[in-house]
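Q: Have a look at this one.
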Amino acid sequence: NMHAENETRGERARPQEGIFEEALARIRLRVSEGSLRVAEFFCDADRLRCGRVSATRFQQGLKAMHPVMSPADVLSLTNHYTVATNGAESVAWTEFEKDVECLFTFTTAPLPDMTVEPLSNTMKGLQQQLSTARIVPETDEAYWQGLPTALQMA
């Protein structure tokens, strides 16, 4: 249950929020400086590929990623990402990965529709434009005087 997971994570994280933020910042710095991928430290332990690992495995991954983390930092991160699923607790390492790597994820505006019209439709459109086009001789003073100056030069 996603709502229960968020409640569990939120209740545990509140008292240690300052420690958590500092620990997460240190991990982000380590990942960016070392060109590390968070998944490398947890993927093998996540045998079911469900995005969760045991607290022990999570802590081992943290220590491998950042060997000089304090026990308080490790505990704070573990508590923050611990979720209860079907009565069992595990650590949501993929949520941790998203939070760490969010600095390196870029979002872009949606691409414009690049649908190409069939050539037959394009040709029909050109034919319609040509059929309504009017050829104006250079000597038609009334027509040329009605155009803006910028168009007259073109």
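Residue numbers start at 1 in each chain; chains themselves are named A, B, ... in the order of the structure tokens; ligands are numbered from 1 in the order shown.
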I'd like the neighbourhood of region 95-103 of chain A as JSON, numbers by chain, where a residue qualifies if any of its atoms comes within 6 Å (using only C-alpha atoms), though same-chain residues fewer than 3 positions away should be ignored.

A: {"A": [28, 38, 92]}

Q: Would you please work out which residue, of A:Cys43, A:Thr78, A:Met69, A:Ser90, is nearest to Ile27 (chain A) when using only C-alpha atoms?

A: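 Looking only at the distances to Ile27 (chain A), the closest residue turns out to be A:Met69.
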
Q: Region 48-59 of chain A: which residues within 10 Å, counting only C-alpha atoms, same-chain residues fewer than 3 positions away excluded, as a PyMOL selection string?

A: chain A and resi 39+41-45+62-65+71+74-75+77-79+81-83+85+88-97

Q: Write the residues you've just listed into a file as a tab-separated table (two decimals), in the first residue's frame, and include N, CA, C and O atoms for each of them.

A:
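Just written: again.tsv:
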chain	number	residue	atom	x	y	z
A	39	ALA	N	22.53	2.30	-8.66
A	39	ALA	CA	22.03	0.94	-8.92
A	39	ALA	C	23.12	-0.11	-8.78
A	39	ALA	O	22.85	-1.24	-8.36
A	41	PHE	N	25.23	-0.54	-6.59
A	41	PHE	CA	25.43	-0.95	-5.21
A	41	PHE	C	24.27	-1.76	-4.63
A	41	PHE	O	24.38	-2.32	-3.56
A	42	PHE	N	23.13	-1.79	-5.36
A	42	PHE	CA	21.95	-2.45	-4.81
A	42	PHE	C	21.31	-3.49	-5.73
A	42	PHE	O	20.57	-4.34	-5.26
A	43	CYS	N	21.57	-3.42	-7.00
A	43	CYS	CA	20.92	-4.30	-7.98
A	43	CYS	C	21.10	-5.78	-7.65
A	43	CYS	O	20.13	-6.55	-7.70
A	44	ASP	N	22.29	-6.19	-7.34
A	44	ASP	CA	22.55	-7.61	-7.07
A	44	ASP	C	21.80	-8.11	-5.84
A	44	ASP	O	21.40	-9.27	-5.79
A	45	ALA	N	21.62	-7.24	-4.85
A	45	ALA	CA	20.93	-7.64	-3.63
A	45	ALA	C	19.41	-7.70	-3.84
A	45	ALA	O	18.70	-8.33	-3.06
A	62	LEU	N	25.37	1.35	1.12
A	62	LEU	CA	25.75	2.72	1.49
A	62	LEU	C	27.23	2.81	1.87
A	62	LEU	O	27.94	3.72	1.45
A	63	LYS	N	27.67	1.85	2.68
A	63	LYS	CA	29.07	1.86	3.13
A	63	LYS	C	30.03	1.62	1.97
A	63	LYS	O	31.13	2.18	1.94
A	64	ALA	N	29.63	0.79	1.01
A	64	ALA	CA	30.48	0.57	-0.17
A	64	ALA	C	30.52	1.82	-1.04
A	64	ALA	O	31.55	2.18	-1.61
A	65	MET	N	29.39	2.53	-1.11
A	65	MET	CA	29.30	3.74	-1.93
A	65	MET	C	30.08	4.89	-1.29
A	65	MET	O	30.72	5.68	-1.98
A	71	PRO	N	27.70	6.26	11.39
A	71	PRO	CA	26.57	5.36	11.70
A	71	PRO	C	25.23	6.11	11.74
A	71	PRO	O	24.21	5.58	11.34
A	74	VAL	N	24.05	6.59	8.14
A	74	VAL	CA	23.57	5.32	7.60
A	74	VAL	C	22.19	4.99	8.16
A	74	VAL	O	21.26	4.63	7.43
A	75	LEU	N	22.03	5.16	9.46
A	75	LEU	CA	20.76	4.87	10.11
A	75	LEU	C	19.66	5.81	9.62
A	75	LEU	O	18.53	5.39	9.36
A	77	LEU	N	19.44	7.42	6.72
A	77	LEU	CA	19.05	7.07	5.34
A	77	LEU	C	18.24	5.77	5.33
A	77	LEU	O	17.23	5.67	4.63
A	78	THR	N	18.67	4.80	6.10
A	78	THR	CA	17.96	3.52	6.16
A	78	THR	C	16.54	3.74	6.67
A	78	THR	O	15.58	3.24	6.06
A	79	ASN	N	16.38	4.48	7.75
A	79	ASN	CA	15.05	4.74	8.31
A	79	ASN	C	14.17	5.50	7.33
A	79	ASN	O	12.98	5.22	7.20
A	81	TYR	N	14.13	5.50	4.06
A	81	TYR	CA	13.70	4.72	2.90
A	81	TYR	C	13.10	3.37	3.27
A	81	TYR	O	12.75	2.59	2.38
A	82	THR	N	12.94	3.10	4.57
A	82	THR	CA	12.32	1.84	5.00
A	82	THR	C	10.82	1.93	4.78
A	82	THR	O	10.19	2.92	5.13
A	83	VAL	N	10.28	0.88	4.18
A	83	VAL	CA	8.84	0.79	3.91
A	83	VAL	C	8.32	-0.54	4.43
A	83	VAL	O	9.07	-1.52	4.50
A	85	THR	N	5.82	-3.51	3.64
A	85	THR	CA	5.05	-4.11	2.57
A	85	THR	C	4.61	-5.50	3.02
A	85	THR	O	5.45	-6.34	3.35
A	88	ALA	N	6.11	-6.86	6.20
A	88	ALA	CA	7.57	-6.99	6.29
A	88	ALA	C	8.22	-5.66	5.92
A	88	ALA	O	7.74	-4.96	5.03
A	89	GLU	N	9.29	-5.33	6.60
A	89	GLU	CA	10.00	-4.09	6.29
A	89	GLU	C	11.15	-4.37	5.34
A	89	GLU	O	11.84	-5.39	5.45
A	90	SER	N	11.33	-3.44	4.42
A	90	SER	CA	12.47	-3.48	3.52
A	90	SER	C	12.82	-2.04	3.18
A	90	SER	O	12.11	-1.11	3.56
A	91	VAL	N	13.90	-1.85	2.48
A	91	VAL	CA	14.35	-0.49	2.14
A	91	VAL	C	14.17	-0.27	0.65
A	91	VAL	O	14.65	-1.07	-0.17
A	92	ALA	N	13.49	0.81	0.30
A	92	ALA	CA	13.20	1.14	-1.10
A	92	ALA	C	14.42	1.81	-1.73
A	92	ALA	O	14.52	3.04	-1.78
A	93	TRP	N	15.34	0.99	-2.23
A	93	TRP	CA	16.58	1.55	-2.78
A	93	TRP	C	16.33	2.33	-4.06
A	93	TRP	O	17.08	3.26	-4.37
A	94	THR	N	15.29	2.00	-4.82
A	94	THR	CA	15.03	2.74	-6.06
A	94	THR	C	14.55	4.16	-5.76
A	94	THR	O	14.82	5.09	-6.54
A	95	GLU	N	13.85	4.34	-4.63
A	95	GLU	CA	13.46	5.70	-4.22
A	95	GLU	C	14.72	6.49	-3.82
A	95	GLU	O	14.85	7.66	-4.15
A	96	PHE	N	15.60	5.83	-3.11
A	96	PHE	CA	16.88	6.43	-2.74
A	96	PHE	C	17.65	6.83	-4.01
A	96	PHE	O	18.17	7.94	-4.12
A	97	GLU	N	17.68	5.93	-4.98
A	97	GLU	CA	18.36	6.20	-6.25
A	97	GLU	C	17.78	7.44	-6.94
A	97	GLU	O	18.52	8.31	-7.40

Q: How many Å separate CA of Glu40 (chain A) from CA of Ser70 (chain A)?

A: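 Going from CA of Glu40 (chain A) over to CA of Ser70 (chain A) covers 21.2 Å.
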
Q: To one decimal in Å, tell me the separation between CA of Ala25 (chain A) and CA of Ala84 (chain A).

A: 25.2 Å

Q: If I take CA of Asp73 (chain A) and CA of Ala23 (chain A), how far is one from the other in Å, to one decimal?

A: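 So the answer is 5.4 Å.
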
Q: May I ask which of the residues A:Asn86, A:Ser35, A:Thr139, A:Ser76 is the closest one to Glu22 (chain A), counting only C-alpha atoms?

A: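 Of A:Asn86, A:Ser35, A:Thr139, A:Ser76, the one nearest Glu22 (chain A), counting only C-alpha atoms, is A:Ser76.
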
Q: For Arg26 (chain A), which of A:His66, A:His80, A:Gln60, A:Glu141 is the closest residue, counting only C-alpha atoms?

A: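 The closest residue to Arg26 (chain A) is A:His66.
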